[in-house]
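Q: Below you'll find target-v4.tsv; it's TSV, C-alpha atoms.
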chain	number	residue	atom	x	y	z
A	1	MET	CA	-1.95	11.21	-7.92
A	2	HIS	CA	1.51	12.18	-9.02
A	3	GLU	CA	1.49	13.30	-12.67
A	4	TRP	CA	4.53	11.27	-13.73
A	5	ALA	CA	3.21	8.09	-12.15
A	6	LEU	CA	-0.14	8.76	-13.80
A	7	ALA	CA	1.47	9.37	-17.20
A	8	GLU	CA	3.38	6.10	-16.89
A	9	GLY	CA	0.13	4.29	-16.13
A	10	VAL	CA	-1.72	5.95	-19.03
A	11	VAL	CA	1.00	5.05	-21.54
A	12	SER	CA	1.31	1.43	-20.33
A	13	THR	CA	-2.46	0.94	-20.28
A	14	ALA	CA	-2.94	2.48	-23.75
A	15	VAL	CA	-0.26	0.20	-25.22
A	16	LYS	CA	-1.80	-2.84	-23.55
A	17	ILE	CA	-5.27	-2.04	-24.88
A	18	ALA	CA	-3.93	-1.24	-28.36
A	19	ARG	CA	-2.15	-4.59	-28.51
A	20	ALA	CA	-5.26	-6.42	-27.31
A	21	GLU	CA	-7.33	-4.65	-29.97
A	22	GLY	CA	-4.80	-5.31	-32.76
A	23	LEU	CA	-3.91	-1.65	-33.31
A	24	SER	CA	-0.61	-0.81	-34.98
A	25	GLU	CA	-0.89	2.88	-34.16
A	26	ILE	CA	-2.64	4.92	-31.49
A	27	THR	CA	-4.04	8.26	-32.72
A	28	GLU	CA	-5.96	9.51	-29.67
A	29	VAL	CA	-6.05	8.79	-25.93
A	30	VAL	CA	-8.82	10.27	-23.78
A	31	VAL	CA	-8.15	10.45	-20.03
A	32	LYS	CA	-10.81	11.55	-17.55
A	33	ILE	CA	-9.35	12.95	-14.36
A	34	GLY	CA	-11.30	13.45	-11.17
A	35	GLU	CA	-10.93	16.97	-9.81
A	36	LEU	CA	-10.18	15.58	-6.35
A	37	GLN	CA	-6.78	14.42	-7.69
A	38	GLN	CA	-5.82	18.03	-8.50
A	39	VAL	CA	-3.70	16.84	-11.39
A	40	VAL	CA	-1.83	19.67	-13.10
A	41	HIS	CA	-2.65	19.21	-16.79
A	42	ASP	CA	0.50	20.93	-18.06
A	43	VAL	CA	2.72	18.63	-15.99
A	44	LEU	CA	0.74	15.56	-17.06
A	45	ASN	CA	0.91	16.63	-20.72
A	46	PHE	CA	4.65	17.17	-20.45
A	47	ALA	CA	5.10	13.75	-18.82
A	48	LEU	CA	2.98	12.09	-21.52
A	49	GLU	CA	5.09	13.76	-24.22
A	50	GLN	CA	8.27	12.46	-22.60
A	51	LEU	CA	6.95	8.94	-22.10
A	52	ARG	CA	5.03	8.39	-25.34
A	53	LYS	CA	5.93	5.16	-27.14
A	54	PRO	CA	6.68	4.81	-30.88
A	55	MET	CA	3.21	3.38	-31.58
A	56	MET	CA	1.66	6.60	-30.21
A	57	LYS	CA	4.15	9.04	-31.73
A	58	ASP	CA	1.44	11.15	-33.37
A	59	ALA	CA	-1.30	10.50	-30.81
A	60	ARG	CA	-3.35	13.33	-29.36
A	61	PHE	CA	-3.81	13.20	-25.57
A	62	VAL	CA	-7.16	14.58	-24.47
A	63	LEU	CA	-7.42	15.37	-20.76
A	64	GLU	CA	-10.86	16.00	-19.26
A	65	THR	CA	-11.46	17.06	-15.69
A	66	ILE	CA	-14.52	15.66	-13.93
A	67	PRO	CA	-15.73	18.09	-11.24
A	68	ALA	CA	-15.74	16.53	-7.77
A	69	ARG	CA	-19.10	16.27	-6.00
A	70	LEU	CA	-19.30	15.04	-2.44
A	71	ARG	CA	-22.35	13.68	-0.58
A	72	CYS	CA	-22.63	13.22	3.17
A	73	ARG	CA	-23.62	9.71	4.18
A	74	VAL	CA	-25.06	10.97	7.45
A	75	CYS	CA	-27.29	13.94	6.49
A	76	GLY	CA	-27.39	13.66	2.68
A	77	GLU	CA	-25.91	17.12	2.02
A	78	GLU	CA	-24.24	17.45	-1.38
A	79	TRP	CA	-21.50	19.93	-2.17
A	80	ARG	CA	-18.74	20.77	-4.61
A	81	PHE	CA	-15.13	20.13	-3.71
A	82	SER	CA	-13.37	23.49	-3.42
A	83	PRO	CA	-9.60	23.06	-3.61
A	84	GLU	CA	-9.09	26.82	-3.35
A	85	GLU	CA	-10.31	26.66	0.28
A	86	LEU	CA	-7.58	24.19	1.28
A	87	SER	CA	-4.12	25.05	2.56
A	88	GLU	CA	-1.18	24.16	0.32
A	89	GLU	CA	-0.13	21.36	2.67
A	90	VAL	CA	-3.61	19.77	2.68
A	91	SER	CA	-3.99	20.25	-1.04
A	92	GLU	CA	-0.71	18.42	-1.66
A	93	ALA	CA	-1.69	15.58	0.70
A	94	ILE	CA	-4.99	15.07	-1.17
A	95	HIS	CA	-3.15	15.28	-4.48
A	96	PHE	CA	-0.94	12.32	-3.56
A	97	VAL	CA	-3.55	10.21	-1.72
A	98	PRO	CA	-7.03	11.61	-2.44
A	99	GLU	CA	-8.64	9.48	0.29
A	100	VAL	CA	-7.03	11.67	2.94
A	101	ALA	CA	-9.74	14.14	1.93
A	102	HIS	CA	-11.68	12.35	4.68
A	103	VAL	CA	-9.10	13.61	7.16
A	104	TYR	CA	-9.44	17.28	6.24
A	105	ILE	CA	-12.88	17.82	4.69
A	106	LYS	CA	-16.10	17.69	6.70
A	107	CYS	CA	-19.71	17.89	5.63
A	108	PRO	CA	-20.76	21.58	5.59
A	109	GLY	CA	-24.18	20.50	6.88
A	110	CYS	CA	-23.39	18.28	9.87
A	111	GLY	CA	-19.60	18.20	10.16
A	112	SER	CA	-19.22	14.47	9.46
A	113	PRO	CA	-16.14	13.11	7.65
A	114	ASP	CA	-18.29	10.21	6.41
A	115	PHE	CA	-19.00	11.37	2.87
A	116	GLU	CA	-18.77	9.74	-0.51
A	117	VAL	CA	-17.12	11.13	-3.59
A	118	VAL	CA	-20.08	10.85	-5.94
A	119	GLU	CA	-18.07	11.97	-8.93
A	120	GLY	CA	-14.60	13.28	-9.60
A	121	ARG	CA	-12.30	10.78	-7.89
A	122	GLY	CA	-9.88	8.63	-9.78
A	123	VAL	CA	-8.38	8.63	-13.20
A	124	ILE	CA	-9.82	6.63	-16.05
A	125	LEU	CA	-8.42	5.93	-19.45
A	126	ALA	CA	-11.78	6.50	-21.13
A	127	SER	CA	-11.01	5.61	-24.74
A	128	ILE	CA	-8.31	5.20	-27.31
A	129	LYS	CA	-8.49	5.53	-31.09
A	130	GLY	CA	-6.05	3.99	-33.52
A	131	VAL	CA	-5.34	2.22	-36.76
A	132	LYS	CA	-5.75	-1.54	-37.13
A	133	LYS	CA	-2.76	-3.51	-38.33
A	134	ASP	CA	-4.35	-4.53	-41.64
A	135	GLU	CA	-5.86	-1.12	-42.46
B	1	MET	CA	-12.51	2.21	-19.39
B	2	SER	CA	-9.36	1.26	-17.51
B	3	ASP	CA	-7.73	2.43	-14.30
B	4	PRO	CA	-4.18	3.35	-15.42
B	5	ARG	CA	-2.85	2.98	-11.88
B	6	LEU	CA	-3.23	-0.80	-11.93
B	7	GLU	CA	-0.84	-1.14	-14.85
B	8	ILE	CA	2.16	0.28	-12.99
B	9	ILE	CA	1.92	-1.46	-9.61
B	10	GLY	CA	3.88	-4.49	-10.86
B	11	LYS	CA	6.54	-2.19	-12.26
B	12	ARG	CA	6.89	-0.38	-8.93
B	13	LEU	CA	7.67	-3.69	-7.23
B	14	GLU	CA	9.76	-5.33	-9.96
B	15	LYS	CA	13.09	-4.70	-8.21
B	16	VAL	CA	11.86	-5.93	-4.84
B	17	GLY	CA	13.28	-9.36	-4.01
B	18	ARG	CA	10.85	-10.69	-1.42
B	19	ILE	CA	7.61	-9.26	-0.13
B	20	ILE	CA	6.65	-10.25	3.40
B	21	ALA	CA	3.09	-9.39	4.49
B	22	VAL	CA	2.90	-9.41	8.29
B	23	SER	CA	-0.73	-10.11	9.04
B	24	SER	CA	-3.09	-11.22	11.80
B	25	GLY	CA	-6.68	-12.26	12.26
B	26	LYS	CA	-7.45	-9.44	14.67
B	27	GLY	CA	-5.78	-6.35	16.07
B	28	GLY	CA	-3.83	-6.15	19.29
B	29	VAL	CA	-1.57	-9.16	18.78
B	30	GLY	CA	1.63	-7.18	18.18
B	31	LYS	CA	1.65	-7.43	14.39
B	32	SER	CA	3.04	-3.94	13.81
B	33	VAL	CA	5.83	-4.38	16.37
B	34	VAL	CA	6.77	-7.72	14.80
B	35	ALA	CA	6.73	-6.15	11.31
B	36	SER	CA	8.84	-3.14	12.36
B	37	THR	CA	11.35	-5.22	14.33
B	38	LEU	CA	11.64	-7.80	11.56
B	39	ALA	CA	12.39	-5.01	9.06
B	40	LEU	CA	15.06	-3.54	11.37
B	41	ILE	CA	16.68	-6.94	11.89
B	42	LEU	CA	16.78	-7.71	8.16
B	43	LYS	CA	18.38	-4.30	7.60
B	44	LYS	CA	20.95	-4.91	10.34
B	45	GLU	CA	21.90	-8.14	8.61
B	46	GLY	CA	22.94	-6.13	5.58
B	47	HIS	CA	19.84	-6.28	3.39
B	48	GLU	CA	18.10	-3.41	1.65
B	49	VAL	CA	14.69	-3.27	3.28
B	50	GLY	CA	11.46	-1.34	2.85
B	51	LEU	CA	8.61	-1.07	5.33
B	52	LEU	CA	5.11	-0.21	4.12
B	53	ASP	CA	2.39	0.51	6.66
B	54	LEU	CA	-0.92	-0.40	5.03
B	55	ASP	CA	-2.94	-0.26	8.23
B	56	PHE	CA	-4.48	3.06	7.17
B	57	THR	CA	-7.10	3.50	9.83
B	58	SER	CA	-4.79	2.50	12.71
B	59	PRO	CA	-1.21	3.09	11.56
B	60	ALA	CA	1.33	2.31	14.27
B	61	THR	CA	4.76	1.69	12.76
B	62	HIS	CA	5.62	5.42	12.83
B	63	VAL	CA	5.10	5.39	16.60
B	64	ILE	CA	7.06	2.15	17.07
B	65	LEU	CA	10.00	3.44	15.02
B	66	GLY	CA	9.84	6.97	16.45
B	67	ILE	CA	9.54	8.55	13.01
B	68	GLY	CA	10.06	12.29	13.24
B	69	ASP	CA	9.78	14.93	10.55
B	70	LEU	CA	10.14	12.83	7.45
B	71	TYR	CA	8.48	13.46	4.12
B	72	PRO	CA	8.84	11.55	0.83
B	73	GLU	CA	10.81	13.02	-2.01
B	74	GLU	CA	9.00	13.65	-5.29
B	75	GLU	CA	10.77	12.28	-8.34
B	76	TYR	CA	8.71	10.71	-11.13
B	77	GLY	CA	6.50	9.45	-8.30
B	78	ILE	CA	7.22	9.23	-4.59
B	79	ILE	CA	10.49	7.98	-3.11
B	80	PRO	CA	10.07	6.70	0.45
B	81	PRO	CA	12.54	8.42	2.79
B	82	LEU	CA	15.09	6.47	4.83
B	83	ALA	CA	14.09	5.90	8.44
B	84	HIS	CA	16.70	4.00	10.49
B	85	GLY	CA	18.02	2.65	7.19
B	86	LEU	CA	14.59	1.44	6.04
B	87	ARG	CA	12.74	2.82	3.01
B	88	TYR	CA	9.64	3.78	4.93
B	89	MET	CA	6.16	4.54	3.56
B	90	SER	CA	3.04	5.36	5.53
B	91	ILE	CA	-0.21	7.23	4.99
B	92	THR	CA	0.71	9.33	8.03
B	93	TYR	CA	2.90	11.52	5.77
B	94	TYR	CA	-0.38	12.71	4.24
B	95	SER	CA	-2.86	12.33	7.09
B	96	LEU	CA	-0.45	14.03	9.53
B	97	ASP	CA	-1.44	11.43	12.11
B	98	LYS	CA	-5.00	12.74	12.28
B	99	PRO	CA	-7.90	10.23	12.21
B	100	ALA	CA	-8.48	8.80	8.73
B	101	PRO	CA	-12.05	7.46	8.80
B	102	LEU	CA	-12.03	5.44	5.59
B	103	ARG	CA	-14.67	3.04	4.32
B	104	GLY	CA	-13.70	-0.13	2.47
B	105	ALA	CA	-13.82	1.35	-1.04
B	106	ASP	CA	-11.70	4.30	0.10
B	107	VAL	CA	-9.17	1.93	1.66
B	108	SER	CA	-8.97	0.07	-1.66
B	109	ASP	CA	-8.40	3.28	-3.60
B	110	ALA	CA	-5.77	4.51	-1.15
B	111	ILE	CA	-3.91	1.17	-1.36
B	112	ILE	CA	-3.92	1.32	-5.17
B	113	GLU	CA	-2.73	4.93	-5.05
B	114	ILE	CA	0.16	4.23	-2.67
B	115	LEU	CA	1.25	1.10	-4.55
B	116	ALA	CA	1.13	3.03	-7.85
B	117	ILE	CA	3.04	6.14	-6.79
B	118	THR	CA	5.72	4.65	-4.52
B	119	ARG	CA	9.07	3.98	-6.18
B	120	TRP	CA	10.83	1.50	-3.92
B	121	GLY	CA	13.87	0.98	-6.11
B	122	GLU	CA	16.00	-2.08	-5.43
B	123	LEU	CA	15.15	-3.88	-2.22
B	124	ASP	CA	15.97	-7.32	-0.90
B	125	TYR	CA	12.86	-7.30	1.29
B	126	LEU	CA	9.69	-5.26	1.49
B	127	VAL	CA	7.89	-5.83	4.78
B	128	ILE	CA	4.22	-4.84	4.75
B	129	ASP	CA	2.39	-4.15	7.98
B	130	MET	CA	-1.04	-5.37	6.92
B	131	PRO	CA	-4.36	-4.31	8.37
B	132	PRO	CA	-5.75	-7.13	10.54
B	133	GLY	CA	-8.36	-9.56	9.28
B	134	ILE	CA	-9.62	-10.61	5.88
B	135	GLY	CA	-11.42	-7.44	4.80
B	136	ASP	CA	-11.03	-5.20	1.77
B	137	ALA	CA	-7.42	-4.24	2.40
B	138	THR	CA	-6.19	-7.83	2.64
B	139	LEU	CA	-8.18	-8.83	-0.44
B	140	ASP	CA	-6.75	-5.85	-2.35
B	141	VAL	CA	-3.18	-6.73	-1.46
B	142	LEU	CA	-3.82	-10.32	-2.57
B	143	ARG	CA	-5.28	-9.00	-5.84
B	144	LEU	CA	-2.63	-6.41	-6.59
B	145	VAL	CA	0.70	-7.63	-5.21
B	146	ARG	CA	2.32	-10.59	-6.93
B	147	GLY	CA	4.78	-12.91	-5.19
B	148	ILE	CA	3.71	-12.09	-1.67
B	149	ASN	CA	4.61	-14.27	1.34
B	150	PHE	CA	2.55	-14.10	4.51
B	151	LEU	CA	3.83	-14.11	8.06
B	152	VAL	CA	0.89	-14.54	10.41
B	153	VAL	CA	0.98	-13.30	14.00
B	154	THR	CA	-1.21	-14.65	16.77
B	155	THR	CA	-1.15	-14.72	20.56
B	156	PRO	CA	-1.85	-17.74	22.77
B	157	SER	CA	-5.43	-16.45	23.11
B	158	ARG	CA	-8.08	-18.75	21.68
B	159	VAL	CA	-9.91	-15.67	20.44
B	160	ALA	CA	-6.87	-14.49	18.47
B	161	PHE	CA	-6.15	-17.93	17.09
B	162	GLN	CA	-9.72	-18.49	15.94
B	163	THR	CA	-9.43	-15.40	13.75
B	164	VAL	CA	-5.97	-16.50	12.54
B	165	LYS	CA	-7.44	-19.86	11.50
B	166	LYS	CA	-9.81	-18.04	9.16
B	167	LEU	CA	-6.97	-16.03	7.65
B	168	LEU	CA	-4.82	-19.15	7.20
B	169	THR	CA	-7.71	-21.04	5.64
B	170	LEU	CA	-8.34	-18.22	3.17
B	171	LEU	CA	-4.67	-17.98	2.21
B	172	ASP	CA	-4.50	-21.76	1.80
B	173	GLU	CA	-7.59	-21.78	-0.43
B	174	LEU	CA	-6.11	-19.02	-2.59
B	175	GLY	CA	-2.73	-20.77	-2.81
B	176	ILE	CA	-0.89	-17.84	-1.20
B	177	PRO	CA	2.44	-18.84	0.39
B	178	VAL	CA	2.51	-18.64	4.18
B	179	MET	CA	5.99	-18.72	5.72
B	180	GLY	CA	4.55	-19.56	9.09
B	181	VAL	CA	2.87	-18.44	12.27
B	182	VAL	CA	4.51	-16.43	15.04
B	183	GLU	CA	3.01	-16.84	18.49
B	184	ASN	CA	3.50	-13.52	20.27
B	185	MET	CA	3.09	-12.52	23.94
B	186	VAL	CA	3.58	-16.07	25.19
B	187	MET	CA	3.36	-16.28	28.99
B	188	GLU	CA	3.26	-20.02	29.59
B	189	PRO	CA	5.62	-22.56	28.05
B	190	SER	CA	2.95	-25.13	27.20
B	191	SER	CA	0.85	-23.25	24.67
B	192	PRO	CA	-1.37	-25.44	22.48
B	193	ILE	CA	-0.98	-23.10	19.50
B	194	ARG	CA	2.05	-24.94	18.08
B	195	GLU	CA	0.08	-28.16	17.68
B	196	GLN	CA	-2.98	-26.36	16.30
B	197	VAL	CA	-0.84	-24.63	13.68
B	198	ARG	CA	0.63	-28.00	12.71
B	199	GLN	CA	-2.86	-29.49	12.40
B	200	LEU	CA	-3.68	-26.75	9.90
B	201	GLY	CA	-0.72	-27.89	7.82
B	202	GLN	CA	1.17	-24.67	8.54
B	203	HIS	CA	4.62	-24.01	9.95
B	204	TYR	CA	5.04	-22.74	13.53
B	205	LEU	CA	7.85	-20.21	13.20
B	206	GLY	CA	8.35	-19.65	16.89
B	207	ALA	CA	7.19	-18.24	20.18
B	208	VAL	CA	7.92	-14.73	21.35
B	209	SER	CA	7.67	-14.42	25.12
B	210	TYR	CA	5.75	-11.54	26.64
B	211	ASP	CA	8.30	-8.81	27.26
B	212	ALA	CA	7.28	-6.30	29.91
B	213	GLY	CA	10.17	-4.05	28.83
B	214	LEU	CA	8.99	-3.69	25.24
B	215	GLU	CA	6.41	-0.94	25.82
B	216	GLY	CA	9.04	1.34	27.34
B	217	ALA	CA	11.33	0.78	24.35
B	218	LEU	CA	8.77	1.72	21.67
B	219	GLY	CA	9.74	4.84	19.77
B	220	ASP	CA	13.46	4.20	20.27
B	221	VAL	CA	14.89	1.78	17.74
B	222	GLU	CA	18.11	1.09	19.68
B	223	LYS	CA	16.14	0.22	22.80
B	224	ILE	CA	13.79	-2.04	20.81
B	225	MET	CA	16.76	-3.94	19.39
B	226	ASP	CA	18.05	-4.51	22.95
B	227	THR	CA	14.84	-6.19	24.15
B	228	ALA	CA	14.27	-9.90	24.66
B	229	PHE	CA	11.41	-9.45	22.17
B	230	ALA	CA	13.89	-8.45	19.44
B	231	ASP	CA	16.12	-11.43	20.31
B	232	SER	CA	13.16	-13.75	19.68
B	233	VAL	CA	12.31	-11.99	16.40
B	234	LYS	CA	15.97	-12.40	15.32
B	235	VAL	CA	15.61	-16.17	15.54
B	236	ILE	CA	12.39	-15.97	13.50
B	237	ALA	CA	14.03	-13.62	10.96
B	238	TYR	CA	16.85	-16.12	10.48
B	239	GLU	CA	14.37	-18.90	9.79
B	240	ILE	CA	12.39	-16.71	7.39
B	241	GLU	CA	15.57	-15.95	5.45
B	242	GLN	CA	16.37	-19.65	5.21
B	243	ARG	CA	12.85	-20.50	4.08
B	244	LEU	CA	12.81	-17.76	1.46
B	245	LYS	CA	16.13	-18.94	0.05
B	246	ARG	CA	14.60	-22.30	-0.80
B	247	PRO	CA	12.98	-22.62	-4.21
B	248	PRO	CA	9.17	-22.76	-4.05
B	249	THR	CA	7.78	-26.31	-3.81
Translate this file's structure into structure tokens.
A:
Amino acid sequence: MHEWALAEGVVSTAVKIARAEGLSEITEVVVKIGELQQVVHDVLNFALEQLRKPMMKDARFVLETIPARLRCRVCGEEWRFSPEELSEEVSEAIHFVPEVAHVYIKCPGCGSPDFEVVEGRGVILASIKGVKKDE
Amino acid sequence: MSDPRLEIIGKRLEKVGRIIAVSSGKGGVGKSVVASTLALILKKEGHEVGLLDLDFTSPATHVILGIGDLYPEEEYGIIPPLAHGLRYMSITYYSLDKPAPLRGADVSDAIIEILAITRWGELDYLVIDMPPGIGDATLDVLRLVRGINFLVVTTPSRVAFQTVKKLLTLLDELGIPVMGVVENMVMEPSSPIREQVRQLGQHYLGAVSYDAGLEGALGDVEKIMDTAFADSVKVIAYEIEQRLKRPPT
């Protein structure tokens, strides 16, 4: 996913959750990022800095990468996603729409494109910490 | 635990006037050609128009429109390039027109991704070429896209219309606005579809006669616009515009 779009989503979601939880200030936002997305942390951090809202002015953004593991639905083979083996063009395509991994990656055991991403796809706002309004 | 992508989809579409989802009960009824031609006609009438191909496993609009070497620009997200005046978005930019064997959950994720990263800007109309049927992709669009209007395409075939009935029933039950039904590839003047659509409480938008010259025009936008098929879609486009101008009842 594009880092700026992701940063926009993280900021909007954090504000929404903070409001729902009655927080007046956000102090920490933890984002777990699937490796398949190939998000560049520096770019995401920069985008978050640019987009941060007043209620998160001192918040710490914690970015964690979840390694991508793939499992073939046909033969059961499991393997690690290796972005370094992909061409730049393919890498960029998977970065923008990770599901196109099924176009370019095949099971190393049987050659099938029918695999599942067991772990390491998607981006999750895992937790936020903050200060309650009356504290 | 929240998916941050969901929060920005509404924002991506906030400057889009009307969203028209061109759908069908089954494949092979001409849905993608209707969607592409409708988008071209709306553009020709002076509107700002986007076309989004969400039929990921069988994308076709890039073939219909003869899309060449286009690639989206990256700027705080993805800006769909102009193709024949349309802001055009398709998974084929990333799949390079190779087979994309996606299961339902993958289709859902790819739809969320594309809706979250695509910056349409200001549009009068966004035409979506939907995947056929009432599977994951249709349910996701219903879940994620607010203010959508359906245009349902069928043929005179009983088989096609049976599947359309299911789609129309679902949309009716969910309270989703349906602008009407287009009967495509009509070969005989006395089709019973018009009456059957009326019995379902839906609007019959019009018949599009089978046009033997259409296949040869595909891939060339000027030729498509010169077909009898396009003339029929123009009449339907005019009615759609009139219907969308009316306040919702």
Q: When the cut-off is 9 Å and we count only C-alpha atoms, which residues of chain A are near chain B, given as a PDB file with C-alpha atoms, keeping the file's coordinate frame?
A:
ATOM      1  CA  MET A   1      -1.950  11.210  -7.920  1.00  0.00           C
ATOM      2  CA  HIS A   2       1.510  12.180  -9.020  1.00  0.00           C
ATOM      3  CA  GLU A   3       1.490  13.300 -12.670  1.00  0.00           C
ATOM      4  CA  TRP A   4       4.530  11.270 -13.730  1.00  0.00           C
ATOM      5  CA  ALA A   5       3.210   8.090 -12.150  1.00  0.00           C
ATOM      6  CA  LEU A   6      -0.140   8.760 -13.800  1.00  0.00           C
ATOM      7  CA  ALA A   7       1.470   9.370 -17.200  1.00  0.00           C
ATOM      8  CA  GLU A   8       3.380   6.100 -16.890  1.00  0.00           C
ATOM      9  CA  GLY A   9       0.130   4.290 -16.130  1.00  0.00           C
ATOM     10  CA  VAL A  10      -1.720   5.950 -19.030  1.00  0.00           C
ATOM     11  CA  VAL A  11       1.000   5.050 -21.540  1.00  0.00           C
ATOM     12  CA  SER A  12       1.310   1.430 -20.330  1.00  0.00           C
ATOM     13  CA  THR A  13      -2.460   0.940 -20.280  1.00  0.00           C
ATOM     14  CA  ALA A  14      -2.940   2.480 -23.750  1.00  0.00           C
ATOM     15  CA  LYS A  16      -1.800  -2.840 -23.550  1.00  0.00           C
ATOM     16  CA  GLU A  89      -0.130  21.360   2.670  1.00  0.00           C
ATOM     17  CA  VAL A  90      -3.610  19.770   2.680  1.00  0.00           C
ATOM     18  CA  GLU A  92      -0.710  18.420  -1.660  1.00  0.00           C
ATOM     19  CA  ALA A  93      -1.690  15.580   0.700  1.00  0.00           C
ATOM     20  CA  ILE A  94      -4.990  15.070  -1.170  1.00  0.00           C
ATOM     21  CA  PHE A  96      -0.940  12.320  -3.560  1.00  0.00           C
ATOM     22  CA  VAL A  97      -3.550  10.210  -1.720  1.00  0.00           C
ATOM     23  CA  PRO A  98      -7.030  11.610  -2.440  1.00  0.00           C
ATOM     24  CA  GLU A  99      -8.640   9.480   0.290  1.00  0.00           C
ATOM     25  CA  VAL A 100      -7.030  11.670   2.940  1.00  0.00           C
ATOM     26  CA  ALA A 101      -9.740  14.140   1.930  1.00  0.00           C
ATOM     27  CA  HIS A 102     -11.680  12.350   4.680  1.00  0.00           C
ATOM     28  CA  VAL A 103      -9.100  13.610   7.160  1.00  0.00           C
ATOM     29  CA  TYR A 104      -9.440  17.280   6.240  1.00  0.00           C
ATOM     30  CA  PRO A 113     -16.140  13.110   7.650  1.00  0.00           C
ATOM     31  CA  ASP A 114     -18.290  10.210   6.410  1.00  0.00           C
ATOM     32  CA  GLU A 116     -18.770   9.740  -0.510  1.00  0.00           C
ATOM     33  CA  GLY A 122      -9.880   8.630  -9.780  1.00  0.00           C
ATOM     34  CA  VAL A 123      -8.380   8.630 -13.200  1.00  0.00           C
ATOM     35  CA  ILE A 124      -9.820   6.630 -16.050  1.00  0.00           C
ATOM     36  CA  LEU A 125      -8.420   5.930 -19.450  1.00  0.00           C
ATOM     37  CA  ALA A 126     -11.780   6.500 -21.130  1.00  0.00           C
ATOM     38  CA  SER A 127     -11.010   5.610 -24.740  1.00  0.00           C
TER      39      SER A 127
END
Q: Find the residue from A:Cys72, A:Ile33, A:Glu64, A:Gln38 that sits nearest to Ser91 in chain A; use all atoms listed in the file when measuring.
A: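 Closest to Ser91 in chain A, using all atoms listed in the file: A:Gln38.
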Q: Need to verify the contact set: range 196-204 of chain B, 9 Å, only C-alpha atoms, exclusion of same-chain residues closer than 4 positions in sequence. Can you return it as a list in words?
A: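 Using only C-alpha atoms, the neighbours found are Lys165, Leu168, Thr169, Val178, Met179, Gly180, Val181, Val182, Glu183 and Pro192 of chain B.
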Q: Please return as JSON, numbers by chain every residue within 9 Å of (11.3, -0.3, 15.8), taking into account all atoms listed in the file and the file's own coordinates.
A: {"B": [33, 34, 35, 36, 37, 38, 39, 40, 61, 62, 63, 64, 65, 66, 84, 217, 218, 219, 220, 221, 222, 223, 224, 225]}
Q: Report, in Å to a single decimal, how far apart CA of Gly28 in chain B and CA of Ile134 in chain B are.
A: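 Interatomic distance, CA of Ile134 in chain B to CA of Gly28 in chain B: 15.3 Å.
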Q: Can you work out which one of B:Leu174, B:Ile20, B:Ile67, B:Ile79 has the shortest atom-to-atom distance to Asp124 in chain B, counting only C-alpha atoms?
A: B:Ile20
